[in-house]
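Visitor: Below is a structure I'd like to ask you about.
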Amino acid sequence: MGAVITPQLVDVVDTVSAVRSYSSGTSRHLSTCRVEHWGLRLECPTPDDPFSDSEVTWLMPDLGLRLTHHRPRSRHARSGPSVLSAVRVQRDGRWWRTTDLLLGLAVPGGTTARIVRSEEFAAAVAGRVLGPDDADQALRTVHRTLEEVSLHRHDLGTWLTHRGIYDVWPSL
């Protein structure tokens, strides 16, 4: 069975109204929406997710990355990995438009980061959902980031500090 070709995912954040709109047509009100010197900090509740209470997302346009973490619903549950996804970010005043390049890294913390969504990425490239420039950008971004995170012993906090981002990840 071949991989399913997913359309490119695009979301738009309105930083004034604190609403994130998805290409699926749905939107979410954000509990946190703050422009930082390094990018955009977002958090939104995930009431339909049985395991996650909220999603924390940082958009880092200069790095071509979106960093995401799902806060577990139960304080006793084990937290899943943070995910660094290759993205293209376009800013226009209050609007931040993010195009998912369908390739990323799962960084569990305390163990080796690994490339994720490679089958979806390959199917999107083969199906021409993802153009050659975006595919090249995704590969370069993910491999550069994997090398940098590896040099920092797969510790996102240390890697973020190295990149000049001194905020705690995931924020409390």
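Ordering of the structure tokens sets the chain letters (A, B, ...), residue numbers begin anew at 1 in every chain, and ligands are numbered from 1 in the order given.
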If you run DSSP on the backbone here, which positions in range 12-170 of chain A get alpha helix (DSSP H)? Please write them as an NGL selection string.

Guide: :A and (118-126 or 132-151 or 156-162)

Visitor: Could you list, as a compact mmCIF listing (two decimals) with C-alpha atoms, in the first residue's frame, every residue within 9 Å of range 137-145 of chain A, counting only C-alpha atoms and ignoring same-chain residues fewer than 5 positions away?

Guide:
# COMPACT_ATOMS: atom_id res chain seq x y z
CA LEU A 63 15.21 29.08 11.17
CA GLY A 64 12.34 27.85 8.95
CA LEU A 65 10.96 25.85 11.89
CA LEU A 84 10.51 20.52 15.00
CA SER A 85 8.82 20.83 11.59
CA ALA A 86 10.24 22.48 8.49
CA VAL A 87 7.94 25.35 7.49
CA ARG A 88 7.82 28.41 5.31
CA LEU A 101 6.89 21.39 4.34
CA LEU A 102 5.90 17.90 5.57
CA LEU A 103 9.22 16.87 7.14
CA GLY A 104 10.42 17.20 10.70
CA LEU A 105 12.27 15.93 13.76
CA ILE A 115 13.40 12.36 11.36
CA PRO A 132 11.35 21.05 -5.76
CA SER A 150 22.88 16.39 17.93

Visitor: Please, which residues of chain A, numbered as in this document, come out strand (DSSP E or B) from DSSP, as a short mmCIF file (atom, residue, chain, number, x, y, z; two decimals) with N, CA and C atoms, in the first residue's frame?

Guide:
data_model
loop_
_atom_site.label_atom_id
_atom_site.label_comp_id
_atom_site.auth_asym_id
_atom_site.auth_seq_id
_atom_site.Cartn_x
_atom_site.Cartn_y
_atom_site.Cartn_z
N VAL A 10 -1.57 24.61 5.41
CA VAL A 10 -1.30 26.03 5.59
C VAL A 10 -2.17 26.52 6.73
N ASP A 11 -1.58 27.26 7.65
CA ASP A 11 -2.40 27.90 8.66
C ASP A 11 -2.00 29.37 8.77
N VAL A 12 -2.96 30.15 9.21
CA VAL A 12 -2.77 31.59 9.32
C VAL A 12 -3.12 32.01 10.74
N VAL A 13 -2.21 32.77 11.35
CA VAL A 13 -2.45 33.29 12.69
C VAL A 13 -2.67 34.78 12.59
N ASP A 14 -3.79 35.22 13.16
CA ASP A 14 -4.09 36.65 13.29
C ASP A 14 -3.64 37.03 14.69
N VAL A 19 -6.37 34.27 16.77
CA VAL A 19 -7.08 33.14 16.16
C VAL A 19 -6.15 32.49 15.15
N ARG A 20 -6.11 31.16 15.18
CA ARG A 20 -5.32 30.38 14.23
C ARG A 20 -6.31 29.66 13.32
N SER A 21 -6.22 29.91 12.01
CA SER A 21 -7.11 29.30 11.02
C SER A 21 -6.31 28.27 10.23
N TYR A 22 -6.92 27.11 10.02
CA TYR A 22 -6.26 26.01 9.33
C TYR A 22 -6.82 25.85 7.92
N SER A 27 -10.86 26.76 12.86
CA SER A 27 -10.02 27.76 13.51
C SER A 27 -10.09 27.55 15.01
N ARG A 28 -9.08 28.06 15.70
CA ARG A 28 -8.99 27.94 17.16
C ARG A 28 -8.62 29.28 17.75
N HIS A 29 -9.25 29.58 18.87
CA HIS A 29 -8.85 30.76 19.64
C HIS A 29 -7.63 30.37 20.46
N THR A 32 -2.57 31.88 24.19
CA THR A 32 -1.35 32.69 24.13
C THR A 32 -1.05 32.97 22.67
N CYS A 33 -0.77 34.22 22.36
CA CYS A 33 -0.37 34.62 21.01
C CYS A 33 0.49 35.86 21.18
N ARG A 34 1.81 35.65 21.15
CA ARG A 34 2.72 36.76 21.46
C ARG A 34 3.91 36.76 20.50
N VAL A 35 4.13 37.92 19.90
CA VAL A 35 5.30 38.09 19.04
C VAL A 35 6.52 38.26 19.93
N GLU A 36 7.56 37.48 19.64
CA GLU A 36 8.82 37.52 20.38
C GLU A 36 9.93 37.95 19.42
N GLY A 39 10.36 35.08 17.07
CA GLY A 39 9.24 34.57 16.27
C GLY A 39 7.90 34.79 16.94
N LEU A 40 7.08 33.74 16.95
CA LEU A 40 5.72 33.83 17.48
C LEU A 40 5.46 32.68 18.44
N ARG A 41 4.96 33.02 19.63
CA ARG A 41 4.64 32.03 20.67
C ARG A 41 3.13 31.84 20.69
N LEU A 42 2.69 30.59 20.57
CA LEU A 42 1.26 30.27 20.55
C LEU A 42 0.95 29.15 21.53
N GLU A 43 -0.26 29.20 22.08
CA GLU A 43 -0.77 28.07 22.83
C GLU A 43 -2.28 28.06 22.68
N CYS A 44 -2.82 26.87 22.47
CA CYS A 44 -4.27 26.76 22.38
C CYS A 44 -4.73 25.47 23.05
N PRO A 45 -5.91 25.52 23.67
CA PRO A 45 -6.48 24.32 24.29
C PRO A 45 -6.84 23.31 23.20
N SER A 52 -4.24 15.13 25.22
CA SER A 52 -3.55 16.40 25.30
C SER A 52 -4.49 17.49 25.80
N ASP A 53 -3.99 18.30 26.72
CA ASP A 53 -4.76 19.42 27.26
C ASP A 53 -4.60 20.67 26.39
N SER A 54 -3.39 20.86 25.85
CA SER A 54 -3.14 22.02 25.01
C SER A 54 -1.94 21.75 24.11
N GLU A 55 -1.82 22.60 23.08
CA GLU A 55 -0.70 22.53 22.16
C GLU A 55 0.09 23.83 22.26
N VAL A 56 1.39 23.70 22.51
CA VAL A 56 2.29 24.84 22.56
C VAL A 56 3.08 24.85 21.26
N THR A 57 3.11 25.99 20.59
CA THR A 57 3.80 26.11 19.30
C THR A 57 4.63 27.37 19.28
N TRP A 58 5.85 27.24 18.79
CA TRP A 58 6.70 28.40 18.55
C TRP A 58 7.03 28.41 17.06
N LEU A 59 6.76 29.53 16.40
CA LEU A 59 7.17 29.71 15.01
C LEU A 59 8.47 30.48 14.99
N MET A 60 9.48 29.91 14.36
CA MET A 60 10.80 30.53 14.29
C MET A 60 11.14 30.75 12.81
N LEU A 65 11.44 26.94 11.02
CA LEU A 65 10.96 25.85 11.89
C LEU A 65 9.72 26.24 12.69
N ARG A 66 8.93 25.21 12.97
CA ARG A 66 7.82 25.30 13.92
C ARG A 66 8.12 24.25 14.99
N LEU A 67 8.14 24.66 16.25
CA LEU A 67 8.39 23.77 17.38
C LEU A 67 7.06 23.55 18.09
N THR A 68 6.68 22.29 18.27
CA THR A 68 5.37 21.96 18.84
C THR A 68 5.52 20.94 19.96
N HIS A 69 4.71 21.15 21.00
CA HIS A 69 4.66 20.21 22.12
C HIS A 69 3.21 20.12 22.59
N HIS A 70 2.74 18.91 22.84
CA HIS A 70 1.39 18.72 23.38
C HIS A 70 1.50 18.46 24.89
N ARG A 71 0.85 19.31 25.66
CA ARG A 71 0.83 19.12 27.11
C ARG A 71 -0.15 17.99 27.44
N PRO A 72 0.30 17.00 28.20
CA PRO A 72 -0.60 15.90 28.53
C PRO A 72 -1.77 16.37 29.42
N SER A 82 8.81 16.61 21.63
CA SER A 82 8.61 17.88 20.93
C SER A 82 8.92 17.60 19.47
N VAL A 83 8.27 18.35 18.58
CA VAL A 83 8.49 18.14 17.16
C VAL A 83 8.91 19.46 16.51
N LEU A 84 10.03 19.41 15.81
CA LEU A 84 10.51 20.52 15.00
C LEU A 84 10.12 20.22 13.56
N SER A 85 9.28 21.04 12.96
CA SER A 85 8.82 20.83 11.59
C SER A 85 9.37 21.92 10.68
N ALA A 86 9.80 21.51 9.49
CA ALA A 86 10.24 22.48 8.49
C ALA A 86 9.00 23.21 7.97
N VAL A 87 9.07 24.53 7.95
CA VAL A 87 7.94 25.35 7.49
C VAL A 87 8.46 26.56 6.72
N ARG A 88 7.56 27.12 5.94
CA ARG A 88 7.82 28.41 5.31
C ARG A 88 6.88 29.39 6.01
N VAL A 89 7.42 30.47 6.57
CA VAL A 89 6.61 31.45 7.30
C VAL A 89 6.66 32.78 6.55
N GLN A 90 5.47 33.33 6.32
CA GLN A 90 5.36 34.66 5.70
C GLN A 90 4.62 35.55 6.68
N ARG A 91 5.20 36.72 6.96
CA ARG A 91 4.59 37.67 7.89
C ARG A 91 4.13 38.89 7.12
N ASP A 92 2.92 39.35 7.47
CA ASP A 92 2.38 40.54 6.85
C ASP A 92 1.61 41.29 7.94
N TRP A 95 -0.69 39.27 10.38
CA TRP A 95 -0.91 37.92 9.86
C TRP A 95 0.41 37.15 9.72
N TRP A 96 0.42 35.93 10.24
CA TRP A 96 1.55 35.01 10.07
C TRP A 96 1.01 33.78 9.33
N ARG A 97 1.51 33.54 8.13
CA ARG A 97 1.06 32.40 7.31
C ARG A 97 2.16 31.35 7.32
N THR A 98 1.81 30.14 7.72
CA THR A 98 2.78 29.05 7.82
C THR A 98 2.40 27.93 6.86
N THR A 99 3.34 27.54 6.02
CA THR A 99 3.15 26.41 5.11
C THR A 99 4.03 25.27 5.60
N ASP A 100 3.40 24.14 5.91
CA ASP A 100 4.09 22.95 6.40
C ASP A 100 4.81 22.28 5.24
N LEU A 101 6.10 22.03 5.39
CA LEU A 101 6.89 21.39 4.34
C LEU A 101 6.98 19.88 4.52
N LEU A 102 6.16 19.33 5.43
CA LEU A 102 5.90 17.90 5.57
C LEU A 102 7.11 17.04 5.95
N LEU A 103 8.07 17.63 6.66
CA LEU A 103 9.22 16.87 7.14
C LEU A 103 9.64 17.48 8.47
N GLY A 104 10.05 16.65 9.41
CA GLY A 104 10.42 17.20 10.70
C GLY A 104 11.28 16.26 11.53
N LEU A 105 11.49 16.69 12.78
CA LEU A 105 12.27 15.93 13.76
C LEU A 105 11.45 15.75 15.03
N ALA A 106 11.42 14.54 15.54
CA ALA A 106 10.86 14.31 16.87
C ALA A 106 12.03 14.31 17.84
N VAL A 107 11.92 15.13 18.88
CA VAL A 107 13.01 15.27 19.85
C VAL A 107 12.43 14.90 21.22
N ARG A 114 14.91 12.03 15.93
CA ARG A 114 14.76 11.23 14.72
C ARG A 114 13.90 11.98 13.71
N ILE A 115 14.17 11.75 12.44
CA ILE A 115 13.40 12.36 11.36
C ILE A 115 12.03 11.70 11.31
N VAL A 116 10.98 12.53 11.17
CA VAL A 116 9.61 12.02 11.12
C VAL A 116 8.90 12.54 9.86
#

Visitor: Show which residues sit within 12 Å of Gly110 in chain A, as a list in words. Count only C-alpha atoms, and ignore same-chain residues fewer than 6 positions away.

Guide: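 The filter keeps Pro81, Ser82, Val149, Ser150, His152, Arg153, His154, Asp155, Leu156 and Gly157 of chain A.
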